[in-house]
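Enquirer: Sharing a structure with you now.
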Amino acid sequence: MVARSTLLFLSRREGLKDFATRFKPFRKMTARFVAGEDIETTVRAIRDLNAVGCTATFDHLNEGVRSPAEMEGEVQEYRRILAAIDETGIKSNVSIKLTQFGLAIDPELAYRNARAVVEEAARRGNFVRVDMEDSPVTQVTLDIFGRLREEFDLDTVGIVLQSYLRRTEQDVRDMLALPARVRLCKGAYNEPPEVAYPAKKDVDDNYVRCMKLLLRSGVYHGIATHDENMIRATKEFAEGEGIGKERFEFQMLYGVRRDLQEGLAREGYNVRVYVPYGKTWYPYFMRRLAERPANVWFVMKNFLKG
Ligand SMILES: Cc1cc2nc3c(=O)[nH]c(=O)nc-3n(C[C@H](O)[C@H](O)[C@H](O)COP(=O)(O)OP(=O)(O)OC[C@H]3O[C@@H](n4cnc5c(N)ncnc54)[C@H](O)[C@@H]3O)c2cc1C
């Protein structure tokens with residue numbers, strides 16, 4: 001079986017990323033996790049999700065962008081996404097990654113580009129979630145988010161925290177002090193044991209601790225997981241505390257546990273599905289394989305089927 005760490009290592013190889021992106025037949029393999037290459041196809045995928053009672057998060061795949069022209073292209077792409085959401089009436093907000101906007105070159109540039117997107121979302125009454133990337137950029141991401149949150153209100157911009165990081169419980173408390181809307185996830189990157197819990201049990205225990213802090217705060221948060229134990233713990237805690245189903249949402253990824261997504265929606269929970277699209281799918285796709293290495297066989301089978 002291919003190991004998680006190998007897949008995460010491969011996810012960061014720029015040469016493979018370039019090759020995979022250009023090689024059209026790979027597109028067939030990615031279809032389960034990536035809605036398509038353009039906005040129109042993604043709008044159709046989101047309409048289908050809306051039809052079964054789920055809302056969405058529209059995400060343009062591109063990370064680690066280094067050229068200012070490409071960054072400006074990303075800002076324009078998000079303006080087009082926000083316009084398409086309004087024009088089509090689909091129920092969706094958006095997610096961005098700060099490395100998509102130049103974080104690797106200059107945090108100030110990333111802030112300015114992200115700000116342009118958040119400003120457009122504010123103008124349209126939509127919401128931007130700042131995704132969390134790997135631990136070398138955790139603090140700078142929180143700092144930039146803090147600046148955005150000072151300028152824009154609670155319902156315009158939110159952040160992501162990862163329960164595998166040892167620092168996260170404190171970050172949850174700091175974000176609640178702002179206050180801020182948080183998407184809580186486990187974390188998808190290869191991290192050293194000094195910064196992240198290596199054992200699943202510790203990641204899960206921290207997830208439950210942070211979930212409780214978030215739900216008790218009264219702010220509308222996103223509980224992002226496909227782990228039935230985390231979902232059960234969230235439902236039980238909310239019920240026990242008298243926290244209504246309308247006061248938080250479950251979030252899941254496009255192509256992962258669709259049965260669970262639809263089941264929770266039928267039970268009356270708010271469910272939001274993260275729907276990525278774009279040509280630069282390689283790192284995102286490899287992280288999805290790493291989360292469940294059995295996926296490697298699933299995609300290979302589909303690829304070979306022709
Ligand atoms: C909406 C959303 C947004 C996210 N945003 C971020 C982010 O900004 N930063 C970040 O670091 N991470 C992000 N993640 C990814 C997250 O950190 C985890 O890597 C991912 O969700 C898997 O963790 P899990 O909670 O599902 O639990 P796990 O314990 O990993 O998985 C539980 C079960 O879920 C199913 N499952 C999980 N992943 C997959 C998969 N890829 N394919 C098939 N089945 C699977 C399996 O049945 C597995 O046994 C996000 C996840 C979601 C749902």
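Chain lettering (A, B, ...) mirrors the order of the structure tokens, residue numbering begins at 1 for each chain separately, and ligand numbering begins at 1 in order of display.
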Ligand 1: which residues are within 7 Å, counting only C-alpha atoms and all ligand atoms? Reply as a compact mmCIF listing (two decimals) with all heavy atoms, in the first residue's frame.

Expert:
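Once everything was written out, this is out.txt:
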# COMPACT_ATOMS: atom_id res chain seq x y z
N ASP A 131 -8.48 29.34 3.53
CA ASP A 131 -8.01 27.97 3.83
C ASP A 131 -6.71 28.04 4.61
O ASP A 131 -5.95 29.01 4.50
CB ASP A 131 -7.74 27.20 2.53
CG ASP A 131 -9.01 26.73 1.83
OD1 ASP A 131 -10.10 26.88 2.40
OD2 ASP A 131 -8.89 26.22 0.70
N MET A 132 -6.43 26.96 5.35
CA MET A 132 -5.15 26.90 6.07
C MET A 132 -4.22 25.94 5.36
O MET A 132 -4.61 24.82 5.03
CB MET A 132 -5.38 26.46 7.52
CG MET A 132 -4.15 26.58 8.39
SD MET A 132 -3.43 28.26 8.42
CE MET A 132 -4.50 29.07 9.61
N GLU A 133 -2.99 26.38 5.14
CA GLU A 133 -2.01 25.54 4.44
C GLU A 133 -1.04 24.95 5.47
O GLU A 133 -1.40 24.77 6.62
CB GLU A 133 -1.36 26.36 3.34
CG GLU A 133 -2.44 26.86 2.36
CD GLU A 133 -1.94 27.73 1.25
OE1 GLU A 133 -1.25 27.21 0.36
OE2 GLU A 133 -2.24 28.94 1.25
N ASP A 134 0.22 24.66 5.08
CA ASP A 134 1.08 23.94 6.01
C ASP A 134 1.68 24.84 7.10
O ASP A 134 1.62 26.07 7.00
CB ASP A 134 2.15 23.14 5.25
CG ASP A 134 2.93 23.98 4.28
OD1 ASP A 134 2.61 25.17 4.12
OD2 ASP A 134 3.87 23.46 3.67
N VAL A 160 -9.67 28.89 8.71
CA VAL A 160 -9.64 27.44 8.96
C VAL A 160 -8.59 27.13 10.03
O VAL A 160 -7.51 27.72 10.02
CB VAL A 160 -9.26 26.68 7.66
CG1 VAL A 160 -9.19 25.17 7.92
CG2 VAL A 160 -10.26 26.98 6.54
N GLN A 162 -6.67 23.65 12.13
CA GLN A 162 -6.43 22.21 11.93
C GLN A 162 -6.14 21.53 13.26
O GLN A 162 -5.18 21.89 13.95
CB GLN A 162 -5.21 22.05 11.01
CG GLN A 162 -5.33 22.73 9.65
CD GLN A 162 -3.97 23.18 9.12
OE1 GLN A 162 -3.14 23.69 9.87
NE2 GLN A 162 -3.75 23.02 7.82
N CYS A 185 -10.92 21.58 10.75
CA CYS A 185 -10.63 20.32 10.05
C CYS A 185 -9.49 19.64 10.78
O CYS A 185 -8.95 20.18 11.74
CB CYS A 185 -10.28 20.60 8.59
SG CYS A 185 -8.76 21.52 8.37
N LYS A 186 -9.11 18.45 10.33
CA LYS A 186 -8.00 17.75 11.00
C LYS A 186 -6.64 18.24 10.50
O LYS A 186 -5.69 18.31 11.26
CB LYS A 186 -8.13 16.23 10.78
CG LYS A 186 -9.30 15.62 11.51
CD LYS A 186 -9.20 14.11 11.51
CE LYS A 186 -10.47 13.49 12.06
NZ LYS A 186 -10.41 12.01 12.05
N GLY A 187 -6.55 18.56 9.19
CA GLY A 187 -5.27 19.01 8.63
C GLY A 187 -4.78 18.00 7.60
O GLY A 187 -4.87 16.79 7.84
N ALA A 188 -4.26 18.51 6.49
CA ALA A 188 -4.01 17.65 5.33
C ALA A 188 -2.54 17.58 4.90
O ALA A 188 -2.24 16.98 3.87
CB ALA A 188 -4.86 18.14 4.16
N TYR A 189 -1.61 18.20 5.65
CA TYR A 189 -0.23 18.30 5.16
C TYR A 189 0.70 17.39 5.98
O TYR A 189 0.31 16.90 7.04
CB TYR A 189 0.25 19.76 5.23
CG TYR A 189 -0.58 20.66 4.34
CD1 TYR A 189 -1.80 21.17 4.78
CD2 TYR A 189 -0.17 20.96 3.05
CE1 TYR A 189 -2.59 21.98 3.97
CE2 TYR A 189 -0.95 21.77 2.23
CZ TYR A 189 -2.15 22.27 2.69
OH TYR A 189 -2.92 23.06 1.87
N ALA A 224 -15.74 20.53 9.68
CA ALA A 224 -15.37 19.90 8.40
C ALA A 224 -14.71 18.55 8.65
O ALA A 224 -13.57 18.48 9.10
CB ALA A 224 -14.41 20.81 7.63
N THR A 225 -15.44 17.49 8.37
CA THR A 225 -14.90 16.14 8.55
C THR A 225 -15.80 15.12 7.88
O THR A 225 -17.00 15.37 7.72
CB THR A 225 -14.76 15.81 10.06
OG1 THR A 225 -14.19 14.51 10.20
CG2 THR A 225 -16.10 15.85 10.79
N HIS A 226 -15.19 13.96 7.53
CA HIS A 226 -16.00 12.83 7.06
C HIS A 226 -15.95 11.72 8.10
O HIS A 226 -16.39 10.62 7.84
CB HIS A 226 -15.44 12.28 5.74
CG HIS A 226 -15.06 13.35 4.77
ND1 HIS A 226 -13.80 13.89 4.74
CD2 HIS A 226 -15.79 14.01 3.86
CE1 HIS A 226 -13.76 14.84 3.82
NE2 HIS A 226 -14.95 14.94 3.27
N ASP A 227 -15.35 12.00 9.23
CA ASP A 227 -15.15 11.00 10.26
C ASP A 227 -16.44 10.85 11.07
O ASP A 227 -16.86 11.78 11.77
CB ASP A 227 -13.97 11.45 11.15
CG ASP A 227 -13.61 10.41 12.20
OD1 ASP A 227 -14.48 9.60 12.58
OD2 ASP A 227 -12.45 10.42 12.64
N GLU A 228 -17.04 9.66 10.96
CA GLU A 228 -18.35 9.48 11.61
C GLU A 228 -18.26 9.65 13.13
O GLU A 228 -19.24 10.05 13.76
CB GLU A 228 -18.92 8.12 11.22
CG GLU A 228 -19.20 8.08 9.73
CD GLU A 228 -19.98 6.85 9.29
OE1 GLU A 228 -20.98 6.53 9.92
OE2 GLU A 228 -19.55 6.22 8.30
N GLN A 251 -19.20 20.30 7.06
CA GLN A 251 -18.60 20.54 5.74
C GLN A 251 -17.86 19.29 5.30
O GLN A 251 -17.21 18.62 6.10
CB GLN A 251 -17.62 21.72 5.81
CG GLN A 251 -18.29 23.04 6.17
CD GLN A 251 -17.34 24.22 6.05
OE1 GLN A 251 -16.15 24.05 5.76
NE2 GLN A 251 -17.86 25.41 6.27
N MET A 252 -17.97 18.97 4.02
CA MET A 252 -17.24 17.82 3.45
C MET A 252 -16.71 18.18 2.07
O MET A 252 -17.04 19.23 1.52
CB MET A 252 -18.18 16.60 3.37
CG MET A 252 -18.60 16.14 4.74
SD MET A 252 -19.49 14.60 4.72
CE MET A 252 -20.47 14.85 6.19
N LEU A 253 -15.89 17.27 1.55
CA LEU A 253 -15.24 17.54 0.27
C LEU A 253 -16.02 16.90 -0.88
O LEU A 253 -16.60 15.81 -0.72
CB LEU A 253 -13.82 16.96 0.27
CG LEU A 253 -12.87 17.53 1.33
CD1 LEU A 253 -11.54 16.77 1.30
CD2 LEU A 253 -12.62 19.02 1.10
N VAL A 256 -16.32 12.95 -1.67
CA VAL A 256 -16.02 12.13 -0.50
C VAL A 256 -17.29 11.95 0.35
O VAL A 256 -17.91 12.94 0.75
CB VAL A 256 -14.90 12.78 0.37
CG1 VAL A 256 -14.61 11.91 1.60
CG2 VAL A 256 -13.63 12.99 -0.45
N ARG A 257 -17.67 10.71 0.58
CA ARG A 257 -18.81 10.35 1.41
C ARG A 257 -20.08 11.13 1.06
O ARG A 257 -20.70 11.76 1.91
CB ARG A 257 -18.48 10.53 2.91
CG ARG A 257 -17.40 9.60 3.42
CD ARG A 257 -17.75 8.13 3.31
NE ARG A 257 -19.04 7.74 3.81
CZ ARG A 257 -19.26 7.27 5.04
NH1 ARG A 257 -18.28 7.13 5.87
NH2 ARG A 257 -20.49 6.92 5.40
N VAL A 273 -20.53 21.61 0.90
CA VAL A 273 -19.54 20.78 0.20
C VAL A 273 -18.53 21.69 -0.50
O VAL A 273 -18.90 22.64 -1.20
CB VAL A 273 -20.24 19.85 -0.83
CG1 VAL A 273 -19.21 18.98 -1.55
CG2 VAL A 273 -21.27 18.97 -0.12
N TYR A 274 -17.27 21.37 -0.28
CA TYR A 274 -16.16 22.13 -0.86
C TYR A 274 -15.93 21.63 -2.28
O TYR A 274 -15.62 20.45 -2.48
CB TYR A 274 -14.95 21.85 0.02
CG TYR A 274 -13.68 22.59 -0.25
CD1 TYR A 274 -13.36 23.74 0.48
CD2 TYR A 274 -12.75 22.11 -1.16
CE1 TYR A 274 -12.15 24.39 0.27
CE2 TYR A 274 -11.54 22.76 -1.36
CZ TYR A 274 -11.26 23.91 -0.64
OH TYR A 274 -10.06 24.55 -0.83
N ARG A 288 -5.83 14.31 -1.39
CA ARG A 288 -7.03 13.46 -1.24
C ARG A 288 -6.64 11.98 -1.27
O ARG A 288 -7.19 11.17 -0.55
CB ARG A 288 -8.07 13.75 -2.34
CG ARG A 288 -8.57 15.17 -2.41
CD ARG A 288 -9.34 15.65 -1.20
NE ARG A 288 -8.65 16.01 0.01
CZ ARG A 288 -8.05 17.17 0.30
NH1 ARG A 288 -8.02 18.13 -0.58
NH2 ARG A 288 -7.48 17.38 1.46
N LEU A 289 -5.69 11.64 -2.13
CA LEU A 289 -5.23 10.24 -2.16
C LEU A 289 -4.56 9.89 -0.84
O LEU A 289 -4.75 8.81 -0.29
CB LEU A 289 -4.23 10.02 -3.31
CG LEU A 289 -4.75 10.19 -4.74
CD1 LEU A 289 -3.72 9.67 -5.73
CD2 LEU A 289 -6.07 9.47 -4.96
N ALA A 290 -3.78 10.84 -0.30
CA ALA A 290 -3.05 10.57 0.95
C ALA A 290 -4.00 10.33 2.12
O ALA A 290 -3.70 9.55 3.02
CB ALA A 290 -2.12 11.73 1.26
N GLU A 291 -5.17 10.99 2.09
CA GLU A 291 -6.11 10.81 3.20
C GLU A 291 -6.66 9.39 3.25
O GLU A 291 -7.09 8.92 4.29
CB GLU A 291 -7.28 11.79 3.04
CG GLU A 291 -6.94 13.16 3.55
CD GLU A 291 -7.75 14.25 2.87
OE1 GLU A 291 -8.65 13.94 2.07
OE2 GLU A 291 -7.44 15.42 3.13
N ARG A 292 -6.68 8.75 2.10
CA ARG A 292 -7.18 7.36 2.06
C ARG A 292 -6.44 6.65 0.95
O ARG A 292 -6.88 6.61 -0.19
CB ARG A 292 -8.69 7.38 1.81
CG ARG A 292 -9.32 6.03 2.01
CD ARG A 292 -10.84 6.17 2.14
NE ARG A 292 -11.46 4.85 2.08
CZ ARG A 292 -11.92 4.29 0.96
NH1 ARG A 292 -11.83 4.93 -0.21
NH2 ARG A 292 -12.47 3.10 1.00
N ASN A 295 -7.66 5.02 -2.10
CA ASN A 295 -8.13 5.79 -3.26
C ASN A 295 -7.22 5.61 -4.47
O ASN A 295 -7.65 5.79 -5.61
CB ASN A 295 -8.18 7.29 -2.93
CG ASN A 295 -9.36 7.65 -2.05
OD1 ASN A 295 -10.29 6.87 -1.92
ND2 ASN A 295 -9.31 8.82 -1.45

Enquirer: Identify, on the basis of only C-alpha atoms, every residue whose closest approach to Glu249 in chain A does not exceed 9 Å; exclude the query and any residue fewer than 5 positions from it along the same chain; express the result as a PDB file with N, CA, C and O atoms, in the first residue's frame.

Expert:
ATOM      1  N   TYR A 220     -21.364  31.069  14.214  1.00  0.00           N
ATOM      2  CA  TYR A 220     -21.668  30.030  13.226  1.00  0.00           C
ATOM      3  C   TYR A 220     -20.365  29.463  12.647  1.00  0.00           C
ATOM      4  O   TYR A 220     -19.642  30.161  11.937  1.00  0.00           O
ATOM      5  N   HIS A 221     -20.064  28.208  12.981  1.00  0.00           N
ATOM      6  CA  HIS A 221     -18.807  27.598  12.528  1.00  0.00           C
ATOM      7  C   HIS A 221     -19.061  26.431  11.575  1.00  0.00           C
ATOM      8  O   HIS A 221     -20.182  25.925  11.497  1.00  0.00           O
ATOM      9  N   GLY A 222     -17.980  25.988  10.913  1.00  0.00           N
ATOM     10  CA  GLY A 222     -18.048  24.835  10.014  1.00  0.00           C
ATOM     11  C   GLY A 222     -17.279  23.659  10.616  1.00  0.00           C
ATOM     12  O   GLY A 222     -16.090  23.790  10.932  1.00  0.00           O
ATOM     13  N   ILE A 223     -17.955  22.546  10.786  1.00  0.00           N
ATOM     14  CA  ILE A 223     -17.325  21.341  11.333  1.00  0.00           C
ATOM     15  C   ILE A 223     -17.011  20.457  10.124  1.00  0.00           C
ATOM     16  O   ILE A 223     -17.897  19.792   9.585  1.00  0.00           O
ATOM     17  N   ALA A 224     -15.740  20.527   9.676  1.00  0.00           N
ATOM     18  CA  ALA A 224     -15.366  19.897   8.400  1.00  0.00           C
ATOM     19  C   ALA A 224     -14.710  18.545   8.649  1.00  0.00           C
ATOM     20  O   ALA A 224     -13.567  18.479   9.103  1.00  0.00           O
ATOM     21  N   TYR A 269     -29.535  18.882   9.061  1.00  0.00           N
ATOM     22  CA  TYR A 269     -28.313  19.642   9.355  1.00  0.00           C
ATOM     23  C   TYR A 269     -27.930  20.489   8.148  1.00  0.00           C
ATOM     24  O   TYR A 269     -28.228  20.116   7.007  1.00  0.00           O
ATOM     25  N   ASN A 270     -27.267  21.592   8.408  1.00  0.00           N
ATOM     26  CA  ASN A 270     -26.690  22.364   7.309  1.00  0.00           C
ATOM     27  C   ASN A 270     -25.430  21.633   6.845  1.00  0.00           C
ATOM     28  O   ASN A 270     -24.568  21.303   7.666  1.00  0.00           O
ATOM     29  N   VAL A 271     -25.334  21.393   5.538  1.00  0.00           N
ATOM     30  CA  VAL A 271     -24.165  20.682   4.990  1.00  0.00           C
ATOM     31  C   VAL A 271     -23.604  21.513   3.833  1.00  0.00           C
ATOM     32  O   VAL A 271     -24.348  21.896   2.920  1.00  0.00           O
ATOM     33  N   ARG A 272     -22.315  21.772   3.901  1.00  0.00           N
ATOM     34  CA  ARG A 272     -21.654  22.532   2.826  1.00  0.00           C
ATOM     35  C   ARG A 272     -20.561  21.654   2.210  1.00  0.00           C
ATOM     36  O   ARG A 272     -19.780  21.042   2.930  1.00  0.00           O
TER      37      ARG A 272
END

Enquirer: Mind running range 83-112 of chain A against range 44-54 of chain A at 9 Å and telling me each contacting residue's nearest atom pair with the distance in Å (one decimal), counting only C-alpha atoms, chain and number ascending, as JSON lines?

Expert:
{"residue": "A:Ile90", "atom": "CA", "partner": "A:Arg47", "partner_atom": "CA", "distance": 6.2}
{"residue": "A:Lys91", "atom": "CA", "partner": "A:Asn50", "partner_atom": "CA", "distance": 6.7}
{"residue": "A:Ser92", "atom": "CA", "partner": "A:Ile46", "partner_atom": "CA", "distance": 7.7}

Enquirer: Using only C-alpha atoms, pick whichever of A:Gly278, A:Pro68, A:Gly125, A:Pro283 has the shortest atom-to-atom distance to Asp38 in chain A.

Expert: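 Among the listed residues, A:Gly278 lies closest to Asp38 in chain A.
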
Enquirer: Out of A:Leu213, A:Met29, A:Leu165, A:Ala56, which residue has the shortest atom-to-atom distance to Val94 in chain A when counting only C-alpha atoms?

Expert: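 Checking each candidate against Val94 in chain A, we get A:Ala56 as the closest.
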
Enquirer: Restricting the calculation to only C-alpha atoms, which member of A:Tyr164, A:Arg258, A:Leu82, A:Gly244 is positioned closest to Lys200 in chain A?

Expert: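 So, comparing all the options, the nearest one is A:Tyr164.
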
Enquirer: Can you pull out the residues contacting Tyr254 in chain A? Cut-off 8 Å, using only C-alpha atoms, and skip same-chain residues under 5 positions away; I want them as a list in words.

Expert: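 Residues near the query, excluding close chain neighbours: Arg32, Phe33, Val34, Ala35, Val273, Tyr274, Val275 and Pro276 of chain A.
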
Enquirer: Taking only C-alpha atoms into account, name the residue in A:Gly263, A:Pro193, A:Gly218, A:Gly268 that is nearest to Ser135 in chain A.

Expert: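 The answer is A:Pro193, which sits nearest to Ser135 in chain A.
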